[in-house]
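A.B. asks: I'd like to ask some things about the structure below.
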Amino acid sequence: MATLSVQSVKKSHGAATILKGISLDIADGEFLVLVGPSGCGKSTLLRCIAGLEELDSGAIVIDGANVTQSEPRDRDLAMVFQSYALYPHLTVRENLAFGLKMRKTPPSEIVTRVAEAARMLEIEPLLDRLPKNLSGGQRQRVAMGRAVVRRPKAFLFDEPLSNLDASLRGQMRIELMRLHRQLSATMIYVTHDQVEAMTLATRIAVMKAGELQQVGTPDELYQHPANQFVAKFIGTPEMNLIPADDARKLALVHSLPDGTAQVGVRAEDVHVGHGVGAADAMVEVVEHLGWEALVHLRIGALALVARMKDPPAVGARTSITLDAAGLHFFDGTGARIFSSNDRASAQRARP
Amino acid sequence: MLFAPAILAAHVVLWHAYRGEEERALEHVVKTWNQTHPDETVDAVAVPYDAYSQKLSAAIPRGNGPDLFIAAHERIGDWRASGLIQQVPESADDDGYLPETFTPLHDGGKLFALPLAFKSLALFYRRDQLAQPPDTTDELIAFARQKRGAGKYGFAYETADFFYHAAWLHGFGGKIFDDGIPRLDSPEAIRSVEFVLALDREHLVPGDATHVLIAQLFNEGNAAMTIAGPWFTGEIAPGVDFGVARLPIVSETGKRAAPLLSIESVFLAARAASSQAALRFAHFLTGADGARIRAIEGRQTVAARAVWDDPRVKDDPILGAFYRQLPDTIATPSVPAMALIWEPVQNALRKVLRGAATPAAALHDAQARIMASIHLLPTPVSPLPYAIALGVFCLVALIYLSRRAASRLGQARKQRAAYAYLAPAAISMAILVFVPFAVGASMSLYHHQAGRFTFIGLQNFISILSLREIPITDPLSFYFTLGVTILWTVANVTLHVILGVSLALLLRNPLLKLRGVYRVLLIIPWAVPNYITALIWKGMFHRQFGAINGLLSLFGIAPVSWFSHFATSFAANLATNVWLGFPFMMVVTLGALSRIPKELEEAAALDGASAWERLRHIILPLLRPALLPSVILGAVWTFNMFNIVFLVSGGEPDGATDILVSQAYRWAFVRGSRYGYAAAYAVLIFLVLVIWSALARRLSDKEAEA
Ligand SMILES: Nc1ncnc2c1ncn2[C@@H]1O[C@H](COP(=O)(O)OP(=O)(O)OP(=O)(O)O)[C@@H](O)[C@H]1O
Ligand SMILES: [Mg+2]
């Protein structure tokens with residue numbers, strides 16, 4: 001297993017700059033999830049690490065060795081593609097064995113390692129089938145098996161679960177966590193999916209238009225988004241953003257730090273109908289999610305979402321309060337304003 | 001028509017293949033006749049030369065033919081035997097024809113045509129290079145020695161063509177037929193070949209000369225003399241001052257070289273509707289009045305004696321020269337056996353000139369072949385057993401089909417509209433494919449000679465497949481040719497695939513600039529009609545003037561006589577066909593490559609595969625299924641690639657590079673119209689390809705399973 005370091009990587013395709021200087025250090029055994037809107041350059045970054053794209057500038061360092069100029073085959077990384085990229089003319093067994101064969105592994109070892117990987121991913125009954133005779137989920141496992149069997153320095157996943165249905169995705173997520181624990185491998189994982197990012201990651205890196213916005217644990221990103229973009233991107237439903245003027249006018253907050261342009265508050269920190277009613281809101285829509293519900297509220301021109309167990313009826317008027325401890329303050333550029341809340345949680349986090 | 005006095009008016013239809021001034025002169029004669037004979041009008045119809053004799057033999061027996069037709073006299077024997085022509089009554093006017101042009105129009109003592117014009121070879125020379133043409137071969141050789149130089153010749157002609165060689169054969173005292181029997185290996189004949197061999201060895205004439213090359217050499221002043229016929233005047237560049245003279249006297253014998261004489265004649269077709277009127281016009285056309293117009297306007301060397309008193313004709317330097325050559329010509333024998341002479345003698349000439357045999361040995365061999373082919377007449381058999389077998393087969397097939405049809409009739413009713421839509425295609429398929437196929441297949445059970453088909457059962461097949469008549473090492477043997485054909489197919493398809501795939505892989509490289517341009521350039525060989533390419537490559541492989549030997553000489557390699565040896569001749573064919581065939585495979589491969597996801601290669605790269613391993617383990621296996629159908633189809637095309645073999649090597653040496661189809665063609669059109677034998681070849685080719693497609697189907701089924 002290995003550490004991996006991306007150093008000021010820049011990459012452009014023709015006139016379009018895709019990566020604008022990305023620096024990222026990934027520790028040994030870390031599960032780093034890369035998220036960001038479509039087209040922000042996640043796949044490109046992954047391909048740069050794998051060696052499938054040449055860098056314009058910057059460096060890729062694996063285990064202390066600069067591999068920027070190395071061929072993909074010499075980097076000893078494994079990649080699982082969104083399309084799986086299984087070799088269609090080879091059986092599952094041959095697909096798994098291909099990488100080992102190319103690296104001149106002794107045949108007896110190939111057999112044991114293929115068997116081991118097949119057992120781990122529960123694809124033993126499929127070993128003699130061709131990829132075209134597998135279901136989507138099975139192909140996914142084979143693609144993973146092909147990476148696992150090689151025992152590479154690090155795994156790169158490019159949205160590996162995006163072609164699966166919701167329940168299968170859930171299952172595979174658990175599988176991936178187990179795999180990560182079993183192998184204690186370094187993994188970089190690209191996804192669109194919030195839940196995947198939050199559940200799998202030891203750290204998440206948020207990208208936007210070729211730039212890193214924030215890198216941190218899921219908790220850090222959720223609790224202390226570095227800017228408005230991260231705040232909105234992480235967490236479902238999106239964080240409520242209230243313009244500072246509205247917040248003041250409606251007396252939703254008591255005091256604002258200097259320079260605050262927007263106040264952010266997560267749905268669970270919006271409380272309905274109890275305490276000292278600060279603002280009068282109307283219930284527009286209620287989304288029932290089972291054990292809780294999302295309540296869409298309107299105060300004049302302002303729309304807010306709250307999360308609660310016992311939602312009021314649609315059309316009802318109710319008063320709302322914001323949990324003061326759950327407030328996030330952003331300045332005019334969207335950057336976070338360090339506030340007392342942060343200090344409080346920082347103290348809480350201290351052992 | 002109902003009201004016209006149809007009985008009185010005769011209408012004569014005349015077919016001809018004339019063009020240019022000859023056609024205009026003929027039309028003038030017809031017009032003159034029609035003005036004075038309004039009740040016996042003549043209609044001259046120009047028929048393309050290519051299919052002329054096929055048209056005649058197809059139209060005349062069915063009553064759709066002309067009353068008169070113009071053709072060379074050589075096929076009198078054939079046409080008489082097949083009943084295409086009628087006897088022409090002799091008349092008092094016949095004295096008016098030059099006897100050399102009139103006598104050969106008889107067959108078995110009966111007259112079958114009236115002579116229009118005579119055509120033979122003569123000596124063409126450039127006046128700027130020699131004032132006086134040589135009158136003996138010694139003079140000719142002396143002049144040629146003096147003129148000899150790099151790419152320059154005093155004398156040049158198509159040495160390997162028997163049509164030209166016949167002049168020397170006669171000059172040395174030889175004969176093609178002696179008492180009706182071919183006699184190509186007489187001492188005189190051998191001497192004549194030795195004479196030409198000496199010319200060639202001394203480089204007094206260019207080797208492997210073709211018609212086009214001769215014209216070029218002559219026009220550029222690199223050949224001072226040549227042997228050619230009247231048609232050559234049309235090929236001489238304007239401004240070249242040339243003269244025509246008689247061929248020289250062979251110094252060794254004192255006899256003048258005597259070329260073959262071809263007499264253009266007008267024939268009275270069998271089943272002519274108005275033969276009396278037709279004959280009257282034929283006499284007018286061939287007689288002094290018609291001949292004068294044809295000689296002066298059409299520049300024909302006419303057969304009417306009276307015209308040669310006219311100074312405009314007699315003193316014409318070209319017409320006059322051919323007239324003076326006439327006494328020293330030999331009319332081309334018109335017996336059917338003449339058709340069997342050409343190929344063996346031609347092969348013998350080529351063999352001698354490329355040093356593969358002595359004149360005596362080559363001619364003895366040719367003589368043996370000719371005699372064998374004359375005596376190879378199979379015995380007719382009764383068609384009854386075959387008819388019964390066919391009947392039984394048809395009955396069984398009918399029962400089988402009707403059983404199957406019955407079970408599907410209900411279904412068919414429901415889909416009546418679909419069947420109606422299919423019907424036109426099915427019917428035209430039946431007419432255009434199955435009928436010719438059936439006719440061809442049944443023809444293989446017949447022997448054809450002189451327009452008559454005799455039923456001989458399976459004897460053609462037995463003769464082809466048994467090794468009794470032709471040993472297996474002989475290029476004419478079916479097995480030899482089959483072996484060559486398979487070698488040809490395998491070599492071609494292999495090279496097509498290797499080259500096509502390699503180029504496609506190169507073109508795929510994203511770093512390659514101007515990819516689109518290369519792609520178009522590489523497809524061009526495919527877009528050019530293949531016979532043009534074939535002729536270009538044939539020229540490039542010419543021993544003396546070809547580009548390939550020119551290139552080799554830059555590296556100090558001696559000129560290769562490409563068509564003299566099997567391996568080089570085969571290689572020349574192969575090179576041409578590979579040039580023609582690789583673009584198709586390249587295009588197919590490019591298409592298949594674009595369907596292989598890029599990620600597969602990337603995955604393999606990450607898996608540790610080098611570029612070569614990615615090609616070998618990922619790309620090539622994925623190309624296979626896409627290439628397989630093209631390979632199967634390409635194999636069939638190549639198996640039957642007639643054009644290239646026929647045009648480039650022409651089967652040389654000795655038919656060794658012929659493939660089955662070109663061999664079948666030769667049996668049908670070169671070796672005495674043995675249509676039945678050729679049809680049997682075609683049936684065998686068909687069977688081979690049926691076996692191949694069955695194999696190919698298995699192969700592709702297996703591929704589909706995998
Ligand atoms: N070969 C290329 N040539 C030009 N532009 C490219 C090329 N490959 C990617 N791009 C552009 O680079 C940008 C980033 O692409 P990339 O595939 O890295 O996005 P992504 O973050 O993976 O998006 P998604 O989540 O949709 O997969 C996109 O705007 C894309 O159009
Ligand atoms: Mg992507």
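Going by the structure tokens order, chains are called A, B, ..., each with residues numbered from 1, while ligands are numbered from 1 in the order shown.
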Give me the residues near region 648-662 of chain B as a ChimeraX atom specification, where near means some atom within 9 Å (using only C-alpha atoms) and where sequence neighbours in that chain fewer than 5 positions away do not count.
C.D. replies: /B:344,347-348,350-351,474-476,478,480-486,488,534-539,541,562-567,569-570,572-573,576,639-643,667,681-682,685
A.B. asks: Kindly provide, as JSON, numbers by chain, the residues of chain A having any atom no farther than 9 Å from an atom of chain B, counting only C-alpha atoms.
C.D. replies: {"A": [50, 51, 52, 71, 72, 73, 74, 75, 76, 77, 78, 79, 80, 81, 83, 84, 85, 86, 87, 88, 89, 98, 99, 100, 101, 102, 103, 130, 146, 147, 150]}
A.B. asks: Within 12 Å of ligand 2, which residues of chain A come that close, and what is the closest atom pair and distance in Å for each? Count only C-alpha atoms and all ligand atoms and give it as CSV.
C.D. replies:
residue,atom,partner,partner_atom_place_in_ligand_line,distance
A:Leu34,CA,ligand 2,1 (Mg),10.5
A:Val35,CA,ligand 2,1 (Mg),10.1
A:Gly36,CA,ligand 2,1 (Mg),9.8
A:Pro37,CA,ligand 2,1 (Mg),9.6
A:Ser38,CA,ligand 2,1 (Mg),7.1
A:Gly39,CA,ligand 2,1 (Mg),6.9
A:Cys40,CA,ligand 2,1 (Mg),8.4
A:Gly41,CA,ligand 2,1 (Mg),7.1
A:Lys42,CA,ligand 2,1 (Mg),5.7
A:Ser43,CA,ligand 2,1 (Mg),4.1
A:Thr44,CA,ligand 2,1 (Mg),7.2
A:Leu45,CA,ligand 2,1 (Mg),9.3
A:Leu46,CA,ligand 2,1 (Mg),8.8
A:Arg47,CA,ligand 2,1 (Mg),9.7
A:Phe81,CA,ligand 2,1 (Mg),9.5
A:Gln82,CA,ligand 2,1 (Mg),8.1
A:Ser83,CA,ligand 2,1 (Mg),10.8
A:Phe157,CA,ligand 2,1 (Mg),10.2
A:Asp158,CA,ligand 2,1 (Mg),6.6
A:Glu159,CA,ligand 2,1 (Mg),7.2
A:Pro160,CA,ligand 2,1 (Mg),10.3
A:Ser162,CA,ligand 2,1 (Mg),10.6
A:Tyr189,CA,ligand 2,1 (Mg),11.0
A:Val190,CA,ligand 2,1 (Mg),7.6
A:Thr191,CA,ligand 2,1 (Mg),8.3
A:His192,CA,ligand 2,1 (Mg),9.1
A.B. asks: Taking 4 positions as the minimum chain separation for residues in the same chain, which residues sit within 7 Å of region 297-307 of chain B when counting only C-alpha atoms? Answer as an MDAnalysis selection string.
C.D. replies: chainID B and resid 21:22 24:25 96:98 101 115:118 286:288 291:293 319
A.B. asks: Hey, can you spit out that residue selection with C-alpha atoms as a PDB file, in the first residue's frame?
C.D. replies:
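Full text of out-v3.pdb as output:
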ATOM      1  CA  GLU B  21     -13.423   6.588 -92.596  1.00  0.00           C
ATOM      2  CA  GLU B  22     -14.170   2.968 -93.446  1.00  0.00           C
ATOM      3  CA  ARG B  24     -18.229   6.627 -93.864  1.00  0.00           C
ATOM      4  CA  ALA B  25     -17.103   5.075 -97.147  1.00  0.00           C
ATOM      5  CA  GLY B  96     -12.781  -8.920-111.326  1.00  0.00           C
ATOM      6  CA  TYR B  97     -11.386  -9.868-107.914  1.00  0.00           C
ATOM      7  CA  LEU B  98      -7.717 -10.279-107.185  1.00  0.00           C
ATOM      8  CA  THR B 101      -8.440 -12.518-102.186  1.00  0.00           C
ATOM      9  CA  PRO B 115     -14.064 -10.139-100.998  1.00  0.00           C
ATOM     10  CA  LEU B 116     -14.079  -6.505 -99.939  1.00  0.00           C
ATOM     11  CA  ALA B 117     -10.542  -5.773 -98.887  1.00  0.00           C
ATOM     12  CA  PHE B 118      -7.366  -7.534 -97.846  1.00  0.00           C
ATOM     13  CA  THR B 286     -17.405  -5.538-103.815  1.00  0.00           C
ATOM     14  CA  GLY B 287     -17.352  -4.613-107.489  1.00  0.00           C
ATOM     15  CA  ALA B 288     -15.387  -1.790-109.086  1.00  0.00           C
ATOM     16  CA  ALA B 291     -14.571  -0.618-104.283  1.00  0.00           C
ATOM     17  CA  ARG B 292     -13.459   2.700-105.753  1.00  0.00           C
ATOM     18  CA  ILE B 293     -15.375   4.643-103.130  1.00  0.00           C
ATOM     19  CA  LEU B 319      -2.183   1.349-100.247  1.00  0.00           C
TER      20      LEU B 319
END
A.B. asks: Can you pull out every residue within 8 Å of region 269-276 of chain B, counting only C-alpha atoms, but drop anything in the same chain fewer than 4 positions away, and send it as a short mmCIF file (atom, residue, chain, number, x, y, z; two decimals) with N, CA and C atoms, in the first residue's frame?
C.D. replies:
data_model
loop_
_atom_site.label_atom_id
_atom_site.label_comp_id
_atom_site.auth_asym_id
_atom_site.auth_seq_id
_atom_site.Cartn_x
_atom_site.Cartn_y
_atom_site.Cartn_z
N ALA B 10 -37.91 -4.94 -101.41
CA ALA B 10 -37.01 -5.78 -100.60
C ALA B 10 -36.18 -4.85 -99.74
N HIS B 11 -35.89 -5.32 -98.57
CA HIS B 11 -35.09 -4.48 -97.68
C HIS B 11 -33.93 -5.32 -97.17
N VAL B 12 -32.72 -4.86 -97.45
CA VAL B 12 -31.55 -5.65 -97.12
C VAL B 12 -30.87 -5.05 -95.88
N ILE B 60 -28.46 -15.04 -86.00
CA ILE B 60 -28.79 -15.64 -87.30
C ILE B 60 -29.65 -16.91 -87.18
N PRO B 61 -29.28 -17.87 -86.30
CA PRO B 61 -30.11 -19.08 -86.24
C PRO B 61 -31.54 -18.80 -85.81
N GLY B 63 -33.25 -16.18 -86.79
CA GLY B 63 -33.95 -15.38 -87.79
C GLY B 63 -33.94 -13.90 -87.47
N GLY B 65 -31.13 -12.16 -87.56
CA GLY B 65 -29.85 -11.66 -88.05
C GLY B 65 -30.01 -10.82 -89.29
N PRO B 66 -28.90 -10.38 -89.82
CA PRO B 66 -28.90 -9.57 -91.04
C PRO B 66 -29.03 -10.46 -92.28
N ASP B 67 -29.14 -9.80 -93.41
CA ASP B 67 -29.08 -10.56 -94.67
C ASP B 67 -27.63 -10.73 -95.08
N LEU B 68 -26.87 -9.65 -94.88
CA LEU B 68 -25.45 -9.67 -95.21
C LEU B 68 -24.66 -9.24 -93.99
N PHE B 69 -23.47 -9.76 -93.87
CA PHE B 69 -22.60 -9.19 -92.84
C PHE B 69 -21.16 -9.20 -93.31
N GLY B 83 -23.76 -23.57 -89.87
CA GLY B 83 -24.93 -23.15 -90.63
C GLY B 83 -25.26 -21.68 -90.51
N LEU B 84 -24.24 -20.86 -90.33
CA LEU B 84 -24.51 -19.43 -90.20
C LEU B 84 -24.53 -18.70 -91.54
N ILE B 85 -23.91 -19.34 -92.54
CA ILE B 85 -23.77 -18.65 -93.82
C ILE B 85 -24.29 -19.54 -94.96
N GLN B 86 -24.60 -18.90 -96.08
CA GLN B 86 -25.07 -19.63 -97.25
C GLN B 86 -24.03 -19.55 -98.37
N ARG B 280 -27.28 -8.97 -105.01
CA ARG B 280 -27.05 -7.90 -105.99
C ARG B 280 -26.29 -6.76 -105.34
#
A.B. asks: Run DSSP on the backbone of this structure and report the residues of region 76-322 of chain A it assigns to strand (DSSP E), as a VMD selection string.
C.D. replies: chain A and resid 77 to 80 154 to 158 186 to 190 203 to 208 211 to 216 240 to 243 262 to 265 270 to 272 279 to 288 293 to 299 302 to 308 317 to 322
A.B. asks: Near Val206 (chain A), within 9 Å and counting only C-alpha atoms, which residues show up once chain neighbours fewer than 4 positions away are dropped, as an mmCIF file with N, CA, C and O atoms, in the first residue's frame?
C.D. replies:
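Now in selection.cif:
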data_model
loop_
_atom_site.group_PDB
_atom_site.id
_atom_site.type_symbol
_atom_site.label_atom_id
_atom_site.label_comp_id
_atom_site.auth_asym_id
_atom_site.auth_seq_id
_atom_site.Cartn_x
_atom_site.Cartn_y
_atom_site.Cartn_z
ATOM 1 N N VAL A 33 -12.581 10.330 -1.304
ATOM 2 C CA VAL A 33 -13.641 10.436 -2.303
ATOM 3 C C VAL A 33 -13.582 11.803 -2.955
ATOM 4 O O VAL A 33 -13.475 12.819 -2.275
ATOM 5 N N LEU A 34 -13.604 11.790 -4.291
ATOM 6 C CA LEU A 34 -13.601 13.038 -5.062
ATOM 7 C C LEU A 34 -15.016 13.312 -5.509
ATOM 8 O O LEU A 34 -15.639 12.476 -6.157
ATOM 9 N N VAL A 35 -15.543 14.474 -5.103
ATOM 10 C CA VAL A 35 -16.875 14.823 -5.593
ATOM 11 C C VAL A 35 -16.817 16.180 -6.264
ATOM 12 O O VAL A 35 -15.860 16.938 -6.100
ATOM 13 N N GLY A 36 -17.874 16.464 -6.996
ATOM 14 C CA GLY A 36 -17.944 17.738 -7.682
ATOM 15 C C GLY A 36 -18.963 17.624 -8.795
ATOM 16 O O GLY A 36 -19.318 16.511 -9.184
ATOM 17 N N GLU A 211 -10.791 23.125 -9.735
ATOM 18 C CA GLU A 211 -10.102 23.560 -8.520
ATOM 19 C C GLU A 211 -10.655 22.830 -7.315
ATOM 20 O O GLU A 211 -11.859 22.545 -7.252
ATOM 21 N N LEU A 212 -9.789 22.576 -6.345
ATOM 22 C CA LEU A 212 -10.248 21.954 -5.108
ATOM 23 C C LEU A 212 -10.882 23.027 -4.238
ATOM 24 O O LEU A 212 -10.345 24.121 -4.081
ATOM 25 N N GLN A 213 -12.035 22.706 -3.663
ATOM 26 C CA GLN A 213 -12.715 23.661 -2.802
ATOM 27 C C GLN A 213 -12.397 23.399 -1.337
ATOM 28 O O GLN A 213 -12.178 24.287 -0.551
ATOM 29 N N GLN A 214 -12.403 22.123 -0.983
ATOM 30 C CA GLN A 214 -12.149 21.768 0.398
ATOM 31 C C GLN A 214 -11.811 20.293 0.454
ATOM 32 O O GLN A 214 -12.369 19.479 -0.280
ATOM 33 N N VAL A 215 -10.917 19.945 1.349
ATOM 34 C CA VAL A 215 -10.604 18.544 1.575
ATOM 35 C C VAL A 215 -10.725 18.303 3.067
ATOM 36 O O VAL A 215 -10.153 19.039 3.861
ATOM 37 N N GLY A 216 -11.479 17.286 3.442
ATOM 38 C CA GLY A 216 -11.624 17.021 4.866
ATOM 39 C C GLY A 216 -12.455 15.796 5.100
ATOM 40 O O GLY A 216 -12.940 15.165 4.158
ATOM 41 N N VAL A 230 -19.351 24.353 -1.147
ATOM 42 C CA VAL A 230 -19.260 23.089 -0.426
ATOM 43 C C VAL A 230 -20.496 22.903 0.441
ATOM 44 O O VAL A 230 -21.069 21.817 0.523
ATOM 45 N N PHE A 233 -23.161 21.795 -1.699
ATOM 46 C CA PHE A 233 -22.899 20.538 -2.410
ATOM 47 C C PHE A 233 -23.006 19.339 -1.487
ATOM 48 O O PHE A 233 -23.466 18.265 -1.891
ATOM 49 N N ILE A 234 -22.576 19.503 -0.236
ATOM 50 C CA ILE A 234 -22.570 18.374 0.692
ATOM 51 C C ILE A 234 -23.848 18.401 1.504
ATOM 52 O O ILE A 234 -24.215 19.435 2.074
#
A.B. asks: Which residues are near Val149 (chain A)? Cut-off 8 Å, only C-alpha atoms, ignore same chain within fewer than 3 positions. Put them as a list in words.
C.D. replies: Leu96, Ala97, Leu100, Arg113, Val114, Glu116, Ala117, Gly145 and Arg146 of chain A
